[in-house]
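Below is model30.cif, which holds mmCIF, C-alpha atoms.
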data_entry
loop_
_atom_site.label_atom_id
_atom_site.label_comp_id
_atom_site.auth_asym_id
_atom_site.auth_seq_id
_atom_site.Cartn_x
_atom_site.Cartn_y
_atom_site.Cartn_z
CA MET L 1378 11.25 -47.00 -14.67
CA ILE L 1379 12.52 -43.85 -16.37
CA LEU L 1380 10.89 -40.43 -16.03
CA VAL L 1381 11.21 -37.92 -18.86
CA THR L 1382 10.09 -34.32 -18.46
CA GLY L 1383 9.62 -32.25 -21.60
CA GLY L 1384 8.99 -35.39 -23.65
CA THR L 1385 6.87 -33.58 -26.22
CA GLY L 1386 9.49 -30.98 -27.23
CA LEU L 1387 12.12 -31.32 -29.95
CA VAL L 1388 14.86 -33.05 -27.97
CA GLY L 1389 12.39 -34.74 -25.62
CA THR L 1390 10.43 -36.34 -28.45
CA ASN L 1391 13.59 -37.65 -30.06
CA LEU L 1392 14.76 -38.91 -26.68
CA VAL L 1393 11.58 -40.84 -25.84
CA ARG L 1394 11.46 -42.36 -29.30
CA LEU L 1395 15.06 -43.51 -28.90
CA LEU L 1396 14.29 -44.94 -25.45
CA ALA L 1397 11.32 -46.81 -26.92
CA ARG L 1398 13.49 -48.30 -29.68
CA ARG L 1399 15.88 -49.51 -26.98
CA GLY L 1400 13.04 -51.28 -25.18
CA GLU L 1401 13.08 -49.01 -22.12
CA ARG L 1402 10.03 -48.48 -19.92
CA PHE L 1403 9.42 -44.82 -19.35
CA ARG L 1404 6.94 -42.34 -17.98
CA ALA L 1405 6.41 -38.91 -19.52
CA LEU L 1406 5.40 -35.93 -17.40
CA ILE L 1407 3.40 -33.75 -19.76
CA ARG L 1408 1.18 -30.71 -19.49
CA PRO L 1409 -2.50 -31.12 -20.43
CA THR L 1410 -2.04 -28.72 -23.36
CA SER L 1411 1.01 -30.48 -24.84
CA ASP L 1412 0.91 -31.90 -28.37
CA ARG L 1413 1.39 -35.65 -27.87
CA ARG L 1414 1.92 -36.75 -31.47
CA GLY L 1415 5.50 -37.74 -30.78
CA LEU L 1416 4.37 -40.17 -28.09
CA ALA L 1417 1.87 -41.97 -30.32
CA GLY L 1418 2.47 -45.69 -30.55
CA LEU L 1419 5.30 -45.73 -27.98
CA ASN L 1420 3.36 -47.36 -25.14
CA ALA L 1421 4.56 -44.66 -22.80
CA GLU L 1422 3.02 -44.05 -19.42
CA GLU L 1423 1.70 -40.50 -19.55
CA VAL L 1424 1.30 -38.46 -16.38
CA LEU L 1425 -0.35 -35.05 -16.52
CA GLY L 1426 1.40 -32.36 -14.55
CA ASP L 1427 3.79 -29.45 -14.67
CA VAL L 1428 7.34 -29.09 -13.40
CA THR L 1429 6.31 -25.88 -11.62
CA ASP L 1430 3.82 -27.90 -9.51
CA TYR L 1431 5.73 -29.88 -6.90
CA SER L 1432 2.85 -32.21 -6.04
CA SER L 1433 2.53 -33.44 -9.64
CA VAL L 1434 6.33 -33.78 -9.90
CA ARG L 1435 6.50 -35.84 -6.71
CA ALA L 1436 3.66 -38.09 -7.91
CA ALA L 1437 5.39 -38.63 -11.29
CA MET L 1438 8.66 -39.50 -9.51
CA LYS L 1439 7.20 -42.49 -7.63
CA GLY L 1440 9.03 -45.73 -8.44
CA VAL L 1441 11.47 -44.00 -10.81
CA ARG L 1442 15.14 -45.02 -11.01
CA ARG L 1443 16.42 -42.65 -13.70
CA VAL L 1444 15.29 -39.16 -14.71
CA TYR L 1445 15.85 -37.11 -17.84
CA HIS L 1446 14.86 -33.55 -16.96
CA VAL L 1447 14.46 -32.08 -20.43
CA ALA L 1448 11.59 -29.66 -19.79
CA GLY L 1449 12.42 -26.00 -20.12
CA MET L 1450 11.16 -22.75 -21.55
CA VAL L 1451 13.09 -21.36 -24.51
CA ALA L 1452 12.11 -17.70 -24.57
CA PHE L 1453 14.02 -14.42 -24.60
CA ALA L 1454 11.62 -11.54 -23.84
CA GLN L 1455 12.32 -9.53 -20.68
CA SER L 1456 8.57 -9.20 -20.15
CA ARG L 1457 8.37 -12.98 -19.66
CA ARG L 1458 11.42 -13.35 -17.40
CA SER L 1459 9.37 -14.34 -14.33
CA LEU L 1460 7.58 -17.11 -16.25
CA ILE L 1461 10.83 -18.30 -17.86
CA ARG L 1462 12.43 -18.45 -14.43
CA ALA L 1463 9.47 -20.32 -12.96
CA VAL L 1464 9.82 -23.09 -15.53
CA ASN L 1465 13.60 -23.23 -15.83
CA VAL L 1466 14.64 -22.61 -12.23
CA ILE L 1467 11.71 -23.46 -9.94
CA GLY L 1468 10.85 -26.43 -12.17
CA THR L 1469 14.41 -27.74 -11.86
CA GLU L 1470 14.31 -27.22 -8.09
CA ASN L 1471 11.13 -29.31 -7.92
CA ILE L 1472 12.59 -32.10 -10.05
CA CYS L 1473 15.85 -32.30 -8.09
CA ARG L 1474 14.10 -32.15 -4.72
CA ALA L 1475 11.66 -34.93 -5.65
CA ALA L 1476 14.45 -37.04 -7.19
CA LEU L 1477 16.51 -36.81 -4.00
CA GLU L 1478 13.53 -37.56 -1.78
CA GLU L 1479 12.48 -40.55 -3.89
CA GLY L 1480 15.97 -42.01 -4.00
CA VAL L 1481 16.43 -41.73 -7.78
CA GLN L 1482 19.63 -43.47 -8.93
CA ARG L 1483 20.67 -40.85 -11.49
CA LEU L 1484 19.39 -37.67 -13.14
CA VAL L 1485 20.47 -36.09 -16.42
CA HIS L 1486 19.65 -32.40 -16.57
CA THR L 1487 19.24 -30.75 -19.96
CA SER L 1488 20.85 -27.34 -19.89
CA THR L 1489 22.14 -25.50 -22.95
CA ALA L 1490 25.37 -24.36 -24.54
CA SER L 1491 24.06 -20.86 -23.78
CA THR L 1492 25.27 -21.32 -20.19
CA ILE L 1493 28.87 -21.95 -21.27
CA ALA L 1494 30.52 -18.74 -22.45
CA GLU L 1495 30.93 -16.32 -25.32
CA ALA L 1496 34.11 -17.27 -27.22
CA PRO L 1497 35.59 -16.97 -30.74
CA LYS L 1498 35.54 -19.80 -33.27
CA ASP L 1499 39.33 -20.23 -33.20
CA ASN L 1500 39.32 -20.61 -29.40
CA PRO L 1501 35.95 -22.11 -28.44
CA ALA L 1502 34.70 -22.25 -24.88
CA THR L 1503 34.72 -25.46 -22.86
CA GLU L 1504 32.73 -26.77 -19.90
CA ASP L 1505 35.22 -25.00 -17.62
CA SER L 1506 34.85 -21.56 -19.23
CA PRO L 1507 33.22 -19.06 -16.83
CA TYR L 1508 29.74 -17.82 -17.70
CA ASN L 1509 30.05 -14.39 -19.27
CA PHE L 1510 26.56 -13.72 -20.66
CA ALA L 1511 25.12 -12.03 -17.57
CA ARG L 1512 25.94 -8.55 -18.86
CA TYR L 1513 23.57 -9.09 -21.82
CA ARG L 1514 20.58 -9.82 -19.54
CA ILE L 1515 19.16 -12.56 -21.76
CA PRO L 1516 16.42 -14.28 -19.72
CA TYR L 1517 16.88 -17.73 -21.26
CA ASN L 1518 20.65 -17.84 -20.72
CA ASP L 1519 20.43 -16.43 -17.20
CA THR L 1520 17.68 -18.78 -15.99
CA LYS L 1521 19.30 -21.87 -17.49
CA LYS L 1522 22.55 -20.94 -15.75
CA GLU L 1523 20.65 -20.51 -12.48
CA ALA L 1524 19.02 -23.91 -13.05
CA GLU L 1525 22.49 -25.48 -13.32
CA ASP L 1526 23.34 -23.91 -9.98
CA VAL L 1527 20.24 -25.58 -8.53
CA VAL L 1528 21.37 -28.98 -9.85
CA ARG L 1529 24.81 -28.47 -8.31
CA LYS L 1530 23.21 -27.59 -4.97
CA TYR L 1531 21.40 -30.93 -4.98
CA ILE L 1532 24.51 -32.79 -6.11
CA ASN L 1533 26.15 -31.44 -2.97
CA LYS L 1534 23.20 -32.88 -1.04
CA GLY L 1535 23.81 -36.32 -2.52
CA LEU L 1536 21.92 -36.34 -5.82
CA ASN L 1537 23.69 -38.32 -8.55
CA ALA L 1538 23.29 -35.94 -11.50
CA VAL L 1539 24.98 -35.07 -14.79
CA ILE L 1540 24.43 -31.92 -16.86
CA VAL L 1541 24.35 -31.84 -20.66
CA ASN L 1542 24.67 -28.62 -22.65
CA PRO L 1543 23.33 -29.05 -26.19
CA GLY L 1544 24.00 -26.52 -28.92
CA PHE L 1545 21.39 -25.44 -31.48
CA MET L 1546 19.56 -28.66 -32.38
CA VAL L 1547 17.97 -29.38 -35.77
CA GLY L 1548 16.16 -32.42 -37.09
CA ALA L 1549 12.88 -34.28 -37.31
CA TRP L 1550 9.95 -34.20 -34.85
CA ASP L 1551 10.07 -30.44 -34.35
CA ILE L 1552 6.33 -30.46 -33.71
CA LYS L 1553 5.86 -26.99 -32.23
CA PRO L 1554 8.14 -25.99 -34.20
CA THR L 1555 11.09 -24.46 -32.33
CA SER L 1556 14.48 -24.35 -34.05
CA GLY L 1557 12.71 -25.32 -37.27
CA LYS L 1558 10.96 -21.95 -37.39
CA THR L 1559 14.10 -20.55 -39.00
CA MET L 1560 14.01 -23.20 -41.74
CA LEU L 1561 10.31 -22.69 -42.41
CA SER L 1562 10.73 -18.91 -42.53
CA ILE L 1563 13.60 -19.15 -45.01
CA ALA L 1564 11.59 -21.61 -47.12
CA ARG L 1565 8.56 -19.32 -47.25
CA PHE L 1566 10.06 -15.87 -47.46
CA GLY L 1567 13.81 -16.25 -48.00
CA MET L 1568 16.33 -14.50 -45.77
CA PRO L 1569 18.63 -11.98 -47.47
CA PHE L 1570 19.92 -10.56 -44.18
CA TYR L 1571 22.19 -12.11 -41.57
CA PRO L 1572 23.66 -11.02 -38.21
CA SER L 1573 27.33 -11.40 -37.39
CA GLY L 1574 27.12 -14.01 -34.62
CA GLY L 1575 27.50 -17.76 -34.58
CA MET L 1576 27.13 -20.86 -32.43
CA ASN L 1577 27.42 -24.63 -32.29
CA PHE L 1578 24.90 -26.82 -34.13
CA LEU L 1579 24.06 -30.54 -34.05
CA ASP L 1580 21.58 -33.19 -35.14
CA VAL L 1581 18.85 -33.52 -32.50
CA GLU L 1582 19.11 -37.32 -32.76
CA ASP L 1583 22.75 -37.05 -31.68
CA ALA L 1584 21.66 -34.78 -28.82
CA ALA L 1585 19.09 -37.39 -27.71
CA LEU L 1586 21.71 -40.13 -27.82
CA GLY L 1587 24.06 -37.81 -25.93
CA HIS L 1588 21.56 -37.75 -23.07
CA ILE L 1589 21.56 -41.55 -22.88
CA LEU L 1590 25.34 -41.68 -23.10
CA ALA L 1591 25.54 -39.15 -20.26
CA MET L 1592 23.22 -41.32 -18.20
CA GLU L 1593 25.36 -44.38 -18.87
CA LYS L 1594 28.88 -42.94 -18.91
CA GLY L 1595 28.84 -39.39 -17.55
CA ARG L 1596 30.69 -38.55 -14.37
CA THR L 1597 28.57 -37.25 -11.50
CA GLY L 1598 28.64 -33.47 -11.28
CA GLU L 1599 30.18 -32.98 -14.73
CA ARG L 1600 28.90 -30.94 -17.65
CA TYR L 1601 29.07 -32.21 -21.23
CA ILE L 1602 28.69 -29.94 -24.24
CA LEU L 1603 26.68 -31.74 -26.93
CA GLY L 1604 27.58 -30.28 -30.31
CA THR L 1605 29.02 -30.92 -33.74
CA GLU L 1606 29.83 -27.88 -35.88
CA ASN L 1607 30.69 -24.30 -35.00
CA LEU L 1608 29.10 -22.17 -37.71
CA SER L 1609 28.52 -18.47 -38.18
CA LEU L 1610 24.86 -17.61 -38.65
CA LYS L 1611 25.63 -16.67 -42.24
CA GLU L 1612 27.08 -20.15 -42.81
CA PHE L 1613 24.10 -21.80 -41.12
CA PHE L 1614 21.47 -19.73 -42.94
CA THR L 1615 23.28 -20.44 -46.22
CA MET L 1616 23.15 -24.17 -45.50
CA VAL L 1617 19.44 -23.95 -44.69
CA ALA L 1618 18.74 -21.93 -47.84
CA GLU L 1619 20.51 -24.51 -49.97
CA VAL L 1620 18.50 -27.35 -48.42
CA VAL L 1621 15.13 -25.64 -48.97
CA GLY L 1622 16.01 -24.22 -52.39
CA ARG L 1623 16.27 -20.53 -51.57
CA ARG L 1624 18.90 -17.88 -52.25
CA PRO L 1625 21.55 -17.70 -49.47
CA PRO L 1626 21.72 -14.53 -47.33
CA PHE L 1627 23.97 -11.83 -48.71
CA ILE L 1628 23.30 -8.61 -46.75
CA PRO L 1629 24.85 -8.16 -43.28
CA ILE L 1630 22.47 -6.37 -40.94
CA LEU L 1631 24.24 -3.93 -38.61
CA TYR L 1632 23.75 -4.30 -34.88
CA PRO L 1633 22.23 -0.81 -34.30
CA VAL L 1634 19.67 -1.43 -37.04
CA ALA L 1635 18.72 -4.83 -35.66
CA MET L 1636 18.45 -3.46 -32.12
CA SER L 1637 16.12 -0.67 -33.21
CA PHE L 1638 13.70 -3.31 -34.46
CA ALA L 1639 14.26 -5.35 -31.30
CA LEU L 1640 13.35 -2.39 -29.07
CA LEU L 1641 10.15 -1.94 -31.05
CA GLY L 1642 9.52 -5.66 -30.64
CA ASN L 1643 9.90 -5.29 -26.87
CA VAL L 1644 7.06 -2.78 -26.84
CA LEU L 1645 4.78 -4.66 -29.21
CA GLY L 1646 5.55 -7.92 -27.43
CA ARG L 1647 3.90 -6.60 -24.28
CA ILE L 1648 0.67 -6.21 -26.25
CA TRP L 1649 0.93 -9.24 -28.56
CA PRO L 1650 3.43 -11.60 -26.88
CA LYS L 1651 2.92 -14.56 -29.20
CA GLU L 1652 3.13 -12.54 -32.41
CA PHE L 1653 6.39 -10.85 -31.36
CA GLU L 1654 8.02 -13.62 -29.30
CA ASP L 1655 10.96 -13.75 -31.75
CA LEU L 1656 11.56 -9.99 -31.92
CA ASN L 1657 13.09 -8.71 -28.71
CA THR L 1658 16.43 -7.46 -27.45
CA GLY L 1659 17.39 -10.76 -25.81
CA LEU L 1660 17.05 -12.83 -28.95
CA ILE L 1661 18.57 -10.20 -31.25
CA LYS L 1662 21.59 -9.79 -28.96
CA SER L 1663 22.11 -13.55 -29.18
CA GLY L 1664 22.43 -13.27 -32.93
CA TYR L 1665 25.51 -11.06 -32.61
CA LEU L 1666 27.46 -13.13 -30.10
CA GLY L 1667 30.40 -15.29 -31.06
CA HIS L 1668 29.06 -18.24 -29.13
CA TYR L 1669 31.39 -21.05 -30.15
CA VAL L 1670 32.01 -24.07 -27.93
CA SER L 1671 33.99 -27.31 -28.01
CA GLN L 1672 32.31 -30.71 -27.73
CA ALA L 1673 35.65 -32.52 -27.38
CA LYS L 1674 34.92 -33.70 -23.83
CA ALA L 1675 31.61 -35.34 -24.81
CA VAL L 1676 33.23 -36.99 -27.82
CA ARG L 1677 36.12 -38.26 -25.71
CA GLU L 1678 34.25 -39.39 -22.59
CA LEU L 1679 30.80 -40.26 -23.90
CA GLY L 1680 31.43 -41.22 -27.51
CA LEU L 1681 29.09 -38.49 -28.80
CA PRO L 1682 28.44 -38.97 -32.56
CA GLN L 1683 29.50 -36.22 -34.97
CA ASN L 1684 27.00 -36.47 -37.82
CA PRO L 1685 26.92 -33.57 -40.32
CA VAL L 1686 24.56 -30.70 -39.62
CA ARG L 1687 23.58 -30.52 -43.29
CA ALA L 1688 22.25 -34.09 -43.11
CA ALA L 1689 20.21 -33.12 -40.04
CA LEU L 1690 18.75 -30.18 -41.95
CA VAL L 1691 17.74 -32.51 -44.78
CA LYS L 1692 15.99 -34.77 -42.27
CA ALA L 1693 14.22 -31.78 -40.73
CA TRP L 1694 13.10 -30.48 -44.11
CA ASN L 1695 11.81 -33.88 -45.20
CA TRP L 1696 9.90 -34.24 -41.92
CA PHE L 1697 8.33 -30.81 -42.30
CA LYS L 1698 7.24 -31.60 -45.85
CA GLU L 1699 5.85 -35.03 -44.90
CA ASN L 1700 3.87 -33.54 -42.03
CA GLY L 1701 2.31 -30.60 -43.84
CA TYR L 1702 4.42 -27.76 -42.44
CA ALA L 1703 6.05 -26.78 -45.72
#

Written as structure tokens, how would this file's structure read?
Amino acid sequence: MILVTGGTGLVGTNLVRLLARRGERFRALIRPTSDRRGLAGLNAEEVLGDVTDYSSVRAAMKGVRRVYHVAGMVAFAQSRRSLIRAVNVIGTENICRAALEEGVQRLVHTSTASTIAEAPKDNPATEDSPYNFARYRIPYNDTKKEAEDVVRKYINKGLNAVIVNPGFMVGAWDIKPTSGKTMLSIARFGMPFYPSGGMNFLDVEDAALGHILAMEKGRTGERYILGTENLSLKEFFTMVAEVVGRRPPFIPILYPVAMSFALLGNVLGRIWPKEFEDLNTGLIKSGYLGHYVSQAKAVRELGLPQNPVRAALVKAWNWFKENGYA
């Protein structure tokens, strides 16, 4: 039996659907409020619970041999740091503790490329690059890095675990949506402005397969960056605009200007957190970082596919249109 946490999110949904196609038996730990459309027709065993609740985690772990801990909170507002930490750090502690106590054979922990390092495109960071984002105080980056430290603590206690670090994932089954919000925003309103940063992008289906490859081939205690293309945000937004039929961005937005809006977003976000969840200093800072990484290790050791990001964007756009988002 396989346990998947976060099986209703973007990467989790693609992962469980891939597991189902491979004939695997799996159990999904899901919150009562989660949208379960991605699980429909998969014959999955659904267990209600929350990674922050150890009793529900321990119950879901019974009889499990392999665990994909995908659940996490992708958020950037300082006002929500305690909640982000509860999900990303305490939740990971609960999963690792229960996995060790239940004698799980192997765990794959979903981290993020945001725990690797800031680095230029011509010299991208690797799994061995030291974390250098702490000075920016971005809650998501910091808590995901702390969660990795938790996994390593349990590896030292005997847990057989591997860490995967996906880049920015795009593709179908973005139910919430998450990364697809950028595509939908560009499709509806256009995006003439762009920040100066950049990062690594990949097809979410390749990220899902990367999890399985890490389970099968990854070395205990190792990290594997899952990625495909290092792109500036201008390059990525241009690609998105071309796919959805909008004009590419053409006006660089200066950092001080963007940060003035972000500071206002911090204030308004305390009053209307959902309406301003994407306008805060943490997220805006991320848009100006040269956050380029190398996936060479995952390609070499795991056989990670390298499908074009543009093709993934086309799949995402088609899925959004077919499902009434666009």

Find the nearest atom pair between each residue of segment 1512-1549 of chain L and segment 1672-1696 of chain L for residues within 10 Å, count all atoms listed in the file, give distances in Å to one decimal, sort rows by chain and ascending number, and present the table as JSON lines.
{"residue": "L:Val1541", "atom": "CA", "partner": "L:Ala1675", "partner_atom": "CA", "distance": 9.1}
{"residue": "L:Asn1542", "atom": "CA", "partner": "L:Gln1672", "partner_atom": "CA", "distance": 9.4}
{"residue": "L:Pro1543", "atom": "CA", "partner": "L:Gln1672", "partner_atom": "CA", "distance": 9.3}
{"residue": "L:Gly1544", "atom": "CA", "partner": "L:Gln1672", "partner_atom": "CA", "distance": 9.4}
{"residue": "L:Met1546", "atom": "CA", "partner": "L:Ala1689", "partner_atom": "CA", "distance": 8.9}
{"residue": "L:Val1547", "atom": "CA", "partner": "L:Ala1689", "partner_atom": "CA", "distance": 6.1}
{"residue": "L:Gly1548", "atom": "CA", "partner": "L:Ala1693", "partner_atom": "CA", "distance": 4.2}
{"residue": "L:Ala1549", "atom": "CA", "partner": "L:Ala1693", "partner_atom": "CA", "distance": 4.4}

Problem set entry | Length of the atom CA of Tyr1669 of chain L to atom CA of Ser1488 of chain L vector [Å] |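 For atom CA of Tyr1669 of chain L relative to atom CA of Ser1488 of chain L, the distance reads 16.0 Å.
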
Seminar exercise, completed: The distance between atom CA of Ala1538 of chain L and atom CA of Arg1399 of chain L is 21.9 Å

For this session: Return as a ChimeraX atom specification the set of residues that the PyMOL selection byres ((chain L and resi 1492) around 7) yields on the displayed structure.
Result: /L:1489-1491,1493-1494,1508,1518,1521-1522

Those same residues - C-alpha atoms - I'd like them written as a compact mmCIF listing (two decimals), in the frame of the given file.
# COMPACT_ATOMS: atom_id res chain seq x y z
CA THR L 1489 22.14 -25.50 -22.95
CA ALA L 1490 25.37 -24.36 -24.54
CA SER L 1491 24.06 -20.86 -23.78
CA ILE L 1493 28.87 -21.95 -21.27
CA ALA L 1494 30.52 -18.74 -22.45
CA TYR L 1508 29.74 -17.82 -17.70
CA ASN L 1518 20.65 -17.84 -20.72
CA LYS L 1521 19.30 -21.87 -17.49
CA LYS L 1522 22.55 -20.94 -15.75

Problem set entry | Of the listed residues L:Val1527, L:Val1634, L:Leu1640, L:Leu1484, that which approaches Glu1593 of chain L most closely, counting all atoms listed in the file |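 Looking only at the distances to Glu1593 of chain L, the closest residue turns out to be L:Leu1484.
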
Exercise. Atom CA of Ala1437 of chain L to atom CA of Thr1555 of chain L: how many Å, to one decimal?
Worked result: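 Going from atom CA of Ala1437 of chain L over to atom CA of Thr1555 of chain L, I get 26.0 Å.
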
For this session: Would you kindly translate the PyMOL selection byres ((chain L and resi 1572) around 12) into the concrete residues it picks from this file, as JSON, numbers by chain?
Result: {"L": [1568, 1569, 1570, 1571, 1573, 1574, 1575, 1576, 1609, 1610, 1611, 1612, 1613, 1614, 1626, 1627, 1628, 1629, 1630, 1631, 1632, 1633, 1634, 1635, 1636, 1660, 1661, 1662, 1663, 1664, 1665, 1666, 1667]}

Residues selected by the PyMOL selection byres ((chain L and resi 1402-1409) around 8), written as a CSV table (one decimal) with C-alpha atoms, in the frame of the given file:
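After the write, result.csv holds the following:
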chain,number,residue,atom,x,y,z
L,1378,MET,CA,11.2,-47.0,-14.7
L,1379,ILE,CA,12.5,-43.8,-16.4
L,1380,LEU,CA,10.9,-40.4,-16.0
L,1381,VAL,CA,11.2,-37.9,-18.9
L,1382,THR,CA,10.1,-34.3,-18.5
L,1383,GLY,CA,9.6,-32.2,-21.6
L,1384,GLY,CA,9.0,-35.4,-23.6
L,1385,THR,CA,6.9,-33.6,-26.2
L,1393,VAL,CA,11.6,-40.8,-25.8
L,1396,LEU,CA,14.3,-44.9,-25.4
L,1397,ALA,CA,11.3,-46.8,-26.9
L,1400,GLY,CA,13.0,-51.3,-25.2
L,1401,GLU,CA,13.1,-49.0,-22.1
L,1410,THR,CA,-2.0,-28.7,-23.4
L,1411,SER,CA,1.0,-30.5,-24.8
L,1421,ALA,CA,4.6,-44.7,-22.8
L,1422,GLU,CA,3.0,-44.0,-19.4
L,1423,GLU,CA,1.7,-40.5,-19.6
L,1424,VAL,CA,1.3,-38.5,-16.4
L,1425,LEU,CA,-0.4,-35.0,-16.5
L,1426,GLY,CA,1.4,-32.4,-14.6
L,1427,ASP,CA,3.8,-29.4,-14.7
L,1434,VAL,CA,6.3,-33.8,-9.9
L,1437,ALA,CA,5.4,-38.6,-11.3

Exercise. Which is closest to Val1447 of chain L among L:Leu1419, L:Val1481, L:Thr1390, L:Pro1497, if we use only C-alpha atoms?
Worked result: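 Looking only at the distances to Val1447 of chain L, the closest residue turns out to be L:Thr1390.
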
For this session: Please write as a ChimeraX atom specification the list of polymer residues whose atoms come within 7 Å of (21.3, -38.6, -19.3), counting only C-alpha atoms and keeping to the coordinates of the file.
Result: /L:1445,1484-1486,1539,1588-1592

For this session: Pick out the closest residue to Lys1439 of chain L from this set: L:Ala1502, L:Leu1395, L:Ala1475, L:Leu1656. Count all atoms listed in the file.
Result: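 So, comparing all the options, the nearest one is L:Ala1475.
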
Exercise. Taking into account all atoms listed in the file, which residue in the set L:Gly1535, L:Gly1468, L:Pro1554, L:Pro1650 is nearest to Gly1598 of chain L?
Worked result: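 Using all atoms listed in the file, Gly1598 of chain L sits closest to L:Gly1535.
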
Exercise. If you count only C-alpha atoms, which residues fall within 10 Å of Glu1523 of chain L, apart from same-chain ones fewer than 3 positions away, as number ranges by chain?
Worked result: L: 1462, 1465-1467, 1469, 1492, 1517-1520, 1526-1529

Those residues you just picked out, can you put them in a file as a compact mmCIF listing (two decimals), in the coordinates of the input with C-alpha atoms?
# COMPACT_ATOMS: atom_id res chain seq x y z
CA ARG L 1462 12.43 -18.45 -14.43
CA ASN L 1465 13.60 -23.23 -15.83
CA VAL L 1466 14.64 -22.61 -12.23
CA ILE L 1467 11.71 -23.46 -9.94
CA THR L 1469 14.41 -27.74 -11.86
CA THR L 1492 25.27 -21.32 -20.19
CA TYR L 1517 16.88 -17.73 -21.26
CA ASN L 1518 20.65 -17.84 -20.72
CA ASP L 1519 20.43 -16.43 -17.20
CA THR L 1520 17.68 -18.78 -15.99
CA ASP L 1526 23.34 -23.91 -9.98
CA VAL L 1527 20.24 -25.58 -8.53
CA VAL L 1528 21.37 -28.98 -9.85
CA ARG L 1529 24.81 -28.47 -8.31

For this session: Tell me which of L:Lys1594, L:Lys1698, L:Arg1414, L:Arg1435 sits closest to Asn1391 of chain L, counting only C-alpha atoms.
Result: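 Nearest candidate to Asn1391 of chain L out of L:Lys1594, L:Lys1698, L:Arg1414, L:Arg1435: L:Arg1414.
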
Atoms added to segment 1639-1653 of chain L (N, CA and C atoms), reported as a PDB file, in the coordinates of the input:
ATOM      1  N   ALA L1639      14.447  -4.563 -32.516  1.00  0.00           N
ATOM      2  CA  ALA L1639      14.260  -5.350 -31.300  1.00  0.00           C
ATOM      3  C   ALA L1639      13.573  -4.525 -30.208  1.00  0.00           C
ATOM      4  N   LEU L1640      13.969  -3.253 -30.074  1.00  0.00           N
ATOM      5  CA  LEU L1640      13.350  -2.390 -29.070  1.00  0.00           C
ATOM      6  C   LEU L1640      11.876  -2.175 -29.370  1.00  0.00           C
ATOM      7  N   LEU L1641      11.559  -2.040 -30.658  1.00  0.00           N
ATOM      8  CA  LEU L1641      10.150  -1.940 -31.050  1.00  0.00           C
ATOM      9  C   LEU L1641       9.427  -3.243 -30.717  1.00  0.00           C
ATOM     10  N   GLY L1642      10.108  -4.364 -30.956  1.00  0.00           N
ATOM     11  CA  GLY L1642       9.520  -5.660 -30.640  1.00  0.00           C
ATOM     12  C   GLY L1642       9.254  -5.819 -29.150  1.00  0.00           C
ATOM     13  N   ASN L1643      10.136  -5.247 -28.308  1.00  0.00           N
ATOM     14  CA  ASN L1643       9.900  -5.290 -26.870  1.00  0.00           C
ATOM     15  C   ASN L1643       8.566  -4.651 -26.503  1.00  0.00           C
ATOM     16  N   VAL L1644       8.296  -3.512 -27.126  1.00  0.00           N
ATOM     17  CA  VAL L1644       7.060  -2.780 -26.840  1.00  0.00           C
ATOM     18  C   VAL L1644       5.842  -3.547 -27.359  1.00  0.00           C
ATOM     19  N   LEU L1645       5.917  -3.950 -28.616  1.00  0.00           N
ATOM     20  CA  LEU L1645       4.780  -4.660 -29.210  1.00  0.00           C
ATOM     21  C   LEU L1645       4.562  -6.013 -28.560  1.00  0.00           C
ATOM     22  N   GLY L1646       5.658  -6.623 -28.070  1.00  0.00           N
ATOM     23  CA  GLY L1646       5.550  -7.920 -27.430  1.00  0.00           C
ATOM     24  C   GLY L1646       4.762  -7.884 -26.134  1.00  0.00           C
ATOM     25  N   ARG L1647       4.694  -6.718 -25.501  1.00  0.00           N
ATOM     26  CA  ARG L1647       3.900  -6.600 -24.280  1.00  0.00           C
ATOM     27  C   ARG L1647       2.406  -6.626 -24.604  1.00  0.00           C
ATOM     28  N   ILE L1648       2.073  -6.233 -25.828  1.00  0.00           N
ATOM     29  CA  ILE L1648       0.670  -6.210 -26.250  1.00  0.00           C
ATOM     30  C   ILE L1648       0.289  -7.524 -26.927  1.00  0.00           C
ATOM     31  N   TRP L1649       1.175  -7.989 -27.823  1.00  0.00           N
ATOM     32  CA  TRP L1649       0.930  -9.240 -28.560  1.00  0.00           C
ATOM     33  C   TRP L1649       2.141 -10.162 -28.366  1.00  0.00           C
ATOM     34  N   PRO L1650       2.232 -10.812 -27.195  1.00  0.00           N
ATOM     35  CA  PRO L1650       3.430 -11.600 -26.880  1.00  0.00           C
ATOM     36  C   PRO L1650       3.709 -12.738 -27.849  1.00  0.00           C
ATOM     37  N   LYS L1651       2.679 -13.432 -28.309  1.00  0.00           N
ATOM     38  CA  LYS L1651       2.920 -14.560 -29.200  1.00  0.00           C
ATOM     39  C   LYS L1651       3.386 -14.103 -30.571  1.00  0.00           C
ATOM     40  N   GLU L1652       2.788 -13.029 -31.073  1.00  0.00           N
ATOM     41  CA  GLU L1652       3.130 -12.540 -32.410  1.00  0.00           C
ATOM     42  C   GLU L1652       4.545 -11.984 -32.483  1.00  0.00           C
ATOM     43  N   PHE L1653       5.062 -11.483 -31.361  1.00  0.00           N
ATOM     44  CA  PHE L1653       6.390 -10.850 -31.360  1.00  0.00           C
ATOM     45  C   PHE L1653       7.366 -11.574 -30.431  1.00  0.00           C
TER      46      PHE L1653
END
